[in-house]
Number of protein chains: 2
Amino acid sequence: MPVLIVGSLGLDDIKTPAEEHHDVLGGSASYAAVSASFFTPPQLVAVVGDDFPKAHVDFFRTRKIDLAGLQHVEGKTFRWSGEYLTDMNRRETRSVALNVFEHFHPRLPDDYRKTPYVLLGNIHPSLQLLVLDQMEKPSFVAADTFDLWIQTAHEDLMKLLPRVDLLVINDEEARLLSGESNLIRAARAIMARGPRFLCVKKGEHGALLFGDDSAGEFFSCPSFPVADLHDPTGAGDCFAGGLVGHLARAAESDITFADLRQAVVYGSAMASFCVEAFSLDRLRKLRPAEIEARYAEFQRISQF
Amino acid sequence: MPVLIVGSLGLDDIKTPAEEHHDVLGGSASYAAVSASFFTPPQLVAVVGDDFPKAHVDFFRTRKIDLAGLQHVEGKTFRWSGEYLTDMNRRETRSVALNVFEHFHPRLPDDYRKTPYVLLGNIHPSLQLLVLDQMEKPSFVAADTFDLWIQTAHEDLMKLLPRVDLLVINDEEARLLSGESNLIRAARAIMARGPRFLCVKKGEHGALLFGDDSAGEFFSCPSFPVADLHDPTGAGDCFAGGLVGHLARAAESDITFADLRQAVVYGSAMASFCVEAFSLDRLRKLRPAEIEARYAEFQRISQF
């Protein structure tokens with residue numbers, strides 16, 4: 001089954017303690033769509049300016065990403081510049097230039113309206129709602145968000161929550177959104193606002209998946225031990241893309257907690273590949289057999 | 001098989017955002033020995049002053065803890081006062097009075113010298129070495145330490161490391177001890193100094209177990225989801241006590257990585273009970289069946 005992915009496409013400048021790269025392919029939708037493409041054909045809804053390199057569009061095509069929903073408009077592509085500090089867990093944004101992304105208005109091609117799986121990448125919640133408004137009746141909707149929207153677009157975010165099946169956020173965002181410092185309580189508070197499932201990403205500490213509390217639906221996924229972390233950019237988007245991509249590939253009529261456990265592991269596997277090189281470089285040469293091997297590694301490191 | 005446990009016994013004043021308790025039973029050896037006692041008979045090597053309540057000694061007796069190595073000396077018992085801040089992950093020490101602990105010189109009763117399992121609780125590395133010097137040939141030695149000794153007793157600690165099978169420390173201590181911010185690299189650097197196994201405790205994020213890297217010995221243990229955290233004091237000691245207690249109970253002639261995986265889960269289970277009430281109160285009423293049930297819960301929350 002196809003998965004519709006909306007989000008940003010951008011050109012990034014990234015600095016880590018060891019390396020610095022300019023004008024690399026970035027944006028939440030780039031990472032999510034390429035990650036999902038290893039599982040199922042993604043449909044990309046995004047916008048780029050006239051400076052967006054053709055090579056990146058060609059790369060998306062080689063990944064069999066449907067680009068009917070990609071808008072090319074006059075002006076410059078979204079740009080982000082960031083730096084990772086010594087422990088690679090702390091990131092500082094150096095600059096953001098929204099450019100053509102400032103007036104992005106997602107428009108779905110007609111044949112996207114029936115797409116059963118949807119990943120609403122991290123864009124303004126009003127735009128995420130606008131995408132859902134154009135859809136008929138998706139069977140599974142996952143959404144990402146971040147601290148800025150929690151603080152500045154709270155009302156729209158609250159409207160979005162009851163319309164998503166799975167919210168994917170990180171631990172700090174879960175605390176911010178709920179006002180609870182304990183993650184278990186934070187999760188309960190967030191799920192009371194609508195989503196059936198909640199996935200809390202914790203970076204090097206793995207991810208937690210919450211479902212029906214009364215049925216004991218809880219899963220703790222380890223993170224893969226990466227000794228040589230090159231660039232954490234996009235790891236969360238690769239996680240979400242792999243997660244939803246796997247669900248769409250498995251395409252159960254009703255998604256169960258057991259399906260989601262496996263999807264979280266596939267998402268974690270994709271994130272672990274992502275950080276092994278700058279930008280999307282590791283995913284450019286990734287083979288499906290490597291994904292299955294890493295999935296097996298997750299089993300090995302968590303069994304007792 | 002019995003397990004010899006050396007560490008501090010103390011009386012604590014503990015404040016959390018919700019509660020405050022004074023003069024409660026504390027100290028690394030209290031938590032570790034009571035936790036281990038659910039698995040195997042512990043032998044306690046520690047010191048108390050003449051103000052140490054008889055009720056606590058009686059409690060140790062009900063837990064079948066061998067007290068032949070417990071020194072009663074003139075003066076006041078070790079005291080610690082601490083406060084947990086809003087997120088319960090940050091602790092501030094308000095005051096420490098070493099009292100009789102200042103001149104503690106661990107002396108092993110003769111029949112402790114052949115004890116096969118040893119847990120060196122968090123005391124000065126020179127005292128931990130002194131315990132090992134009095135032993136014949138223990139089959140498994142685990143040791144705990146903390147930031148103060150890493151900073152002020154580095155030389156003694158370096159002498160200790162080749163003599164322990166398992167070092168148990170938290171993530172910040174692992175970074176401090178190794179000078180590496182990445183935990184996987186930190187673990188490799190520490191194990192190069194001697195211990196065959198390393199367990200890194202990460203509090204609410206679970207624990208990592210490292211063994212022979214070339215054999216892919218790595219285990220990521222989740223933490224149990226505790227929504228009502230009452231008092232984190234002693235969780236790390238209960239972890240170590242449960243871990244070594246389980247190993248001593250299973251009493252394999254040669255401890256394998258598979259044994260240690262299970263031991264880490266038992267340790268995590270004991271830590272998760274510990275934080276459910278102040279001081280050792282939860283362990284006072286804990287039943288063995290509850291431990292096995294929680295062990296099964298760990299399997300449920302980590303399987304996929």
# chains A, B, ... in the order shown; residues from 1 in each chain; ligands from 1
call {"tool": "interface_residues", "arguments": {"of": "chain B", "to": "chain A", "cutoff": "9 Å", "atoms": "only C-alpha atoms", "output": "PyMOL selection string"}}
result
chain B and resi 86-88+180-185+202+204-206+216-229+258-262+265+299-304
call {"tool": "residues_around", "arguments": {"residues": "A:Leu108", "least_positions_apart": "4", "cutoff": "9 Å", "atoms": "only C-alpha atoms", "output": "VMD selection string"}}
result
chain A and resid 45 68 to 69 112 to 113 131 134 to 135
call {"tool": "write_last_selection", "arguments": {"atoms": "C-alpha atoms", "output": "PDB file, in the first residue's frame"}}
result
ATOM      1  CA  VAL A  45       3.742  16.303  -0.888  1.00  0.00           C
ATOM      2  CA  ALA A  68       3.050  14.231  -8.467  1.00  0.00           C
ATOM      3  CA  GLY A  69       2.533  16.160  -5.219  1.00  0.00           C
ATOM      4  CA  TYR A 112      -3.595  10.746  -3.332  1.00  0.00           C
ATOM      5  CA  ARG A 113      -6.924  11.399  -1.612  1.00  0.00           C
ATOM      6  CA  VAL A 131      -3.762  17.614   4.320  1.00  0.00           C
ATOM      7  CA  GLN A 134      -8.251  16.739   1.539  1.00  0.00           C
ATOM      8  CA  MET A 135      -8.241  13.006   2.277  1.00  0.00           C
TER       9      MET A 135
END
call {"tool": "select_by_dssp", "arguments": {"residues": "stretch 31-262 of chain B", "states": "helix (DSSP H, G or I)", "output": "MDAnalysis selection string"}}
result
chainID B and resid 31:36 54:62 99:103 110:112 125:133 147:152 154:163 171:178 183:191 203:205 213:215 235:250 257:262
call {"tool": "select_by_dssp", "arguments": {"residues": "stretch 155-235 of chain A", "states": "strand (DSSP E or B)", "output": "number ranges by chain"}}
result
A: 166-170, 197-201, 207-210, 218-221
call {"tool": "residues_around", "arguments": {"residues": "stretch 242-248 of chain B", "least_positions_apart": "3", "cutoff": "7 Å", "atoms": "only C-alpha atoms", "output": "PDB file with N, CA and C atoms, in the first residue's frame"}}
result
ATOM      1  N   MET B   1      24.363 -20.179  46.612  1.00  0.00           N
ATOM      2  CA  MET B   1      25.671 -19.700  47.065  1.00  0.00           C
ATOM      3  C   MET B   1      25.511 -18.348  47.769  1.00  0.00           C
ATOM      4  N   PRO B   2      26.264 -18.103  48.825  1.00  0.00           N
ATOM      5  CA  PRO B   2      26.152 -16.801  49.478  1.00  0.00           C
ATOM      6  C   PRO B   2      26.851 -15.702  48.671  1.00  0.00           C
ATOM      7  N   VAL B   3      26.461 -14.455  48.927  1.00  0.00           N
ATOM      8  CA  VAL B   3      27.121 -13.319  48.303  1.00  0.00           C
ATOM      9  C   VAL B   3      27.583 -12.365  49.404  1.00  0.00           C
ATOM     10  N   SER B  35      18.031  -6.316  48.853  1.00  0.00           N
ATOM     11  CA  SER B  35      17.650  -6.719  47.496  1.00  0.00           C
ATOM     12  C   SER B  35      18.194  -8.118  47.181  1.00  0.00           C
ATOM     13  N   ALA B  36      19.465  -8.350  47.474  1.00  0.00           N
ATOM     14  CA  ALA B  36      20.083  -9.664  47.195  1.00  0.00           C
ATOM     15  C   ALA B  36      19.421 -10.770  48.003  1.00  0.00           C
ATOM     16  N   PHE B  39      17.199 -13.458  46.709  1.00  0.00           N
ATOM     17  CA  PHE B  39      17.746 -14.453  45.789  1.00  0.00           C
ATOM     18  C   PHE B  39      18.656 -15.462  46.472  1.00  0.00           C
ATOM     19  N   THR B  40      19.407 -14.981  47.470  1.00  0.00           N
ATOM     20  CA  THR B  40      20.460 -15.801  48.064  1.00  0.00           C
ATOM     21  C   THR B  40      20.837 -15.184  49.418  1.00  0.00           C
ATOM     22  N   TYR B 117      30.739 -15.221  45.617  1.00  0.00           N
ATOM     23  CA  TYR B 117      30.186 -14.036  44.937  1.00  0.00           C
ATOM     24  C   TYR B 117      30.376 -12.802  45.810  1.00  0.00           C
ATOM     25  N   LEU B 119      29.920  -8.463  46.061  1.00  0.00           N
ATOM     26  CA  LEU B 119      29.476  -7.164  45.557  1.00  0.00           C
ATOM     27  C   LEU B 119      30.159  -6.084  46.388  1.00  0.00           C
ATOM     28  N   CYS B 238      19.893  -1.458  44.842  1.00  0.00           N
ATOM     29  CA  CYS B 238      18.970  -2.593  44.700  1.00  0.00           C
ATOM     30  C   CYS B 238      19.219  -3.311  43.382  1.00  0.00           C
ATOM     31  N   PHE B 239      19.536  -2.515  42.346  1.00  0.00           N
ATOM     32  CA  PHE B 239      19.871  -3.081  41.041  1.00  0.00           C
ATOM     33  C   PHE B 239      21.064  -4.028  41.170  1.00  0.00           C
ATOM     34  N   ALA B 251      24.195 -19.691  40.324  1.00  0.00           N
ATOM     35  CA  ALA B 251      25.465 -20.352  40.662  1.00  0.00           C
ATOM     36  C   ALA B 251      26.015 -21.277  39.584  1.00  0.00           C
ATOM     37  N   ALA B 263      20.397 -11.582  34.818  1.00  0.00           N
ATOM     38  CA  ALA B 263      20.716 -10.929  36.089  1.00  0.00           C
ATOM     39  C   ALA B 263      20.422  -9.432  36.023  1.00  0.00           C
ATOM     40  N   VAL B 264      20.714  -8.819  34.873  1.00  0.00           N
ATOM     41  CA  VAL B 264      20.437  -7.384  34.709  1.00  0.00           C
ATOM     42  C   VAL B 264      18.928  -7.131  34.762  1.00  0.00           C
ATOM     43  N   TYR B 266      16.738  -8.990  36.457  1.00  0.00           N
ATOM     44  CA  TYR B 266      16.354  -9.109  37.875  1.00  0.00           C
ATOM     45  C   TYR B 266      16.771  -7.856  38.656  1.00  0.00           C
ATOM     46  N   GLY B 267      17.964  -7.356  38.357  1.00  0.00           N
ATOM     47  CA  GLY B 267      18.409  -6.122  39.015  1.00  0.00           C
ATOM     48  C   GLY B 267      17.468  -4.968  38.712  1.00  0.00           C
ATOM     49  N   MET B 270      14.260  -5.292  40.677  1.00  0.00           N
ATOM     50  CA  MET B 270      14.421  -4.881  42.076  1.00  0.00           C
ATOM     51  C   MET B 270      14.479  -3.360  42.192  1.00  0.00           C
TER      52      MET B 270
END
call {"tool": "residues_around", "arguments": {"residues": "A:Leu176", "least_positions_apart": "5", "cutoff": "10 Å", "atoms": "only C-alpha atoms", "output": "mmCIF file with C-alpha atoms, in the first residue's frame"}}
result
data_model
loop_
_atom_site.group_PDB
_atom_site.id
_atom_site.type_symbol
_atom_site.label_atom_id
_atom_site.label_comp_id
_atom_site.auth_asym_id
_atom_site.auth_seq_id
_atom_site.Cartn_x
_atom_site.Cartn_y
_atom_site.Cartn_z
ATOM 1 C CA PHE A 146 8.102 19.725 17.617
ATOM 2 C CA ASP A 147 8.587 22.234 20.403
ATOM 3 C CA ILE A 150 3.684 23.013 20.855
ATOM 4 C CA GLN A 151 4.477 26.516 22.068
ATOM 5 C CA ASN A 170 10.674 13.104 21.393
ATOM 6 C CA ASP A 171 10.863 12.935 25.178
ATOM 7 C CA SER A 181 8.020 15.415 33.849
ATOM 8 C CA ALA A 186 3.179 12.504 30.086
#
call {"tool": "atom_distance", "arguments": {"atom1": "atom CA of A:Leu4", "atom2": "atom CA of A:Ala142"}}
result
10.3 Å
call {"tool": "residues_around", "arguments": {"residues": "A:Gly194", "least_positions_apart": "5", "cutoff": "9 Å", "atoms": "only C-alpha atoms", "output": "ChimeraX atom specification"}}
result
/A:158,160-165
call {"tool": "atom_distance", "arguments": {"atom1": "atom CA of B:Ile65", "atom2": "atom CA of B:Tyr295"}}
result
23.5 Å
call {"tool": "atom_distance", "arguments": {"atom1": "atom CA of B:Asp111", "atom2": "atom CA of B:Gly49"}}
result
24.1 Å
call {"tool": "residues_around", "arguments": {"residues": "A:Gly234", "least_positions_apart": "6", "cutoff": "10 Å", "atoms": "only C-alpha atoms", "output": "list in words"}}
result
Gly26, Gly27, Ser28, Ala29, Ser30, Tyr31, Ala32, Ala240, Ala271, Cys274, Val275, Phe278, Ser279 and Leu280 of chain A
call {"tool": "write_last_selection", "arguments": {"atoms": "N, CA and C atoms", "output": "PDB file, in the first residue's frame"}}
result
ATOM      1  N   GLY A  26      18.227  17.875   2.670  1.00  0.00           N
ATOM      2  CA  GLY A  26      17.656  17.751   4.006  1.00  0.00           C
ATOM      3  C   GLY A  26      16.148  17.971   3.990  1.00  0.00           C
ATOM      4  N   GLY A  27      15.587  18.240   5.164  1.00  0.00           N
ATOM      5  CA  GLY A  27      14.138  18.434   5.293  1.00  0.00           C
ATOM      6  C   GLY A  27      13.477  17.156   5.761  1.00  0.00           C
ATOM      7  N   SER A  28      12.420  17.311   6.558  1.00  0.00           N
ATOM      8  CA  SER A  28      11.775  16.139   7.169  1.00  0.00           C
ATOM      9  C   SER A  28      11.232  15.171   6.122  1.00  0.00           C
ATOM     10  N   ALA A  29      10.688  15.704   5.020  1.00  0.00           N
ATOM     11  CA  ALA A  29      10.073  14.825   4.018  1.00  0.00           C
ATOM     12  C   ALA A  29      11.106  14.059   3.206  1.00  0.00           C
ATOM     13  N   SER A  30      12.293  14.655   3.019  1.00  0.00           N
ATOM     14  CA  SER A  30      13.355  13.927   2.299  1.00  0.00           C
ATOM     15  C   SER A  30      13.716  12.660   3.049  1.00  0.00           C
ATOM     16  N   TYR A  31      14.039  12.850   4.338  1.00  0.00           N
ATOM     17  CA  TYR A  31      14.446  11.713   5.152  1.00  0.00           C
ATOM     18  C   TYR A  31      13.304  10.690   5.279  1.00  0.00           C
ATOM     19  N   ALA A  32      12.102  11.181   5.571  1.00  0.00           N
ATOM     20  CA  ALA A  32      10.985  10.260   5.805  1.00  0.00           C
ATOM     21  C   ALA A  32      10.630   9.479   4.543  1.00  0.00           C
ATOM     22  N   ALA A 240      10.321   7.789  11.636  1.00  0.00           N
ATOM     23  CA  ALA A 240       8.888   7.860  11.312  1.00  0.00           C
ATOM     24  C   ALA A 240       8.602   7.253   9.937  1.00  0.00           C
ATOM     25  N   ALA A 271      16.654   4.724  11.556  1.00  0.00           N
ATOM     26  CA  ALA A 271      17.323   5.854  12.221  1.00  0.00           C
ATOM     27  C   ALA A 271      18.790   5.517  12.484  1.00  0.00           C
ATOM     28  N   CYS A 274      20.688   5.989   9.359  1.00  0.00           N
ATOM     29  CA  CYS A 274      20.734   7.420   9.003  1.00  0.00           C
ATOM     30  C   CYS A 274      21.925   8.133   9.622  1.00  0.00           C
ATOM     31  N   VAL A 275      22.194   7.877  10.906  1.00  0.00           N
ATOM     32  CA  VAL A 275      23.227   8.631  11.630  1.00  0.00           C
ATOM     33  C   VAL A 275      24.647   8.162  11.301  1.00  0.00           C
ATOM     34  N   PHE A 278      26.626  11.510   6.768  1.00  0.00           N
ATOM     35  CA  PHE A 278      25.990  12.813   6.637  1.00  0.00           C
ATOM     36  C   PHE A 278      24.768  12.749   5.730  1.00  0.00           C
ATOM     37  N   SER A 279      23.835  13.659   6.007  1.00  0.00           N
ATOM     38  CA  SER A 279      22.657  13.831   5.157  1.00  0.00           C
ATOM     39  C   SER A 279      22.006  12.462   4.915  1.00  0.00           C
ATOM     40  N   LEU A 280      21.631  12.181   3.682  1.00  0.00           N
ATOM     41  CA  LEU A 280      20.986  10.909   3.359  1.00  0.00           C
ATOM     42  C   LEU A 280      21.974   9.904   2.778  1.00  0.00           C
TER      43      LEU A 280
END
call {"tool": "residues_around", "arguments": {"residues": "B:Lys114", "least_positions_apart": "5", "cutoff": "8 Å", "atoms": "only C-alpha atoms", "output": "count of residues only"}}
result
4
call {"tool": "closest_residue", "arguments": {"among": "A:Pro125, A:Val34, A:Ala174, A:Lys76", "to": "A:Val57", "atoms": "only C-alpha atoms"}}
result
A:Val34
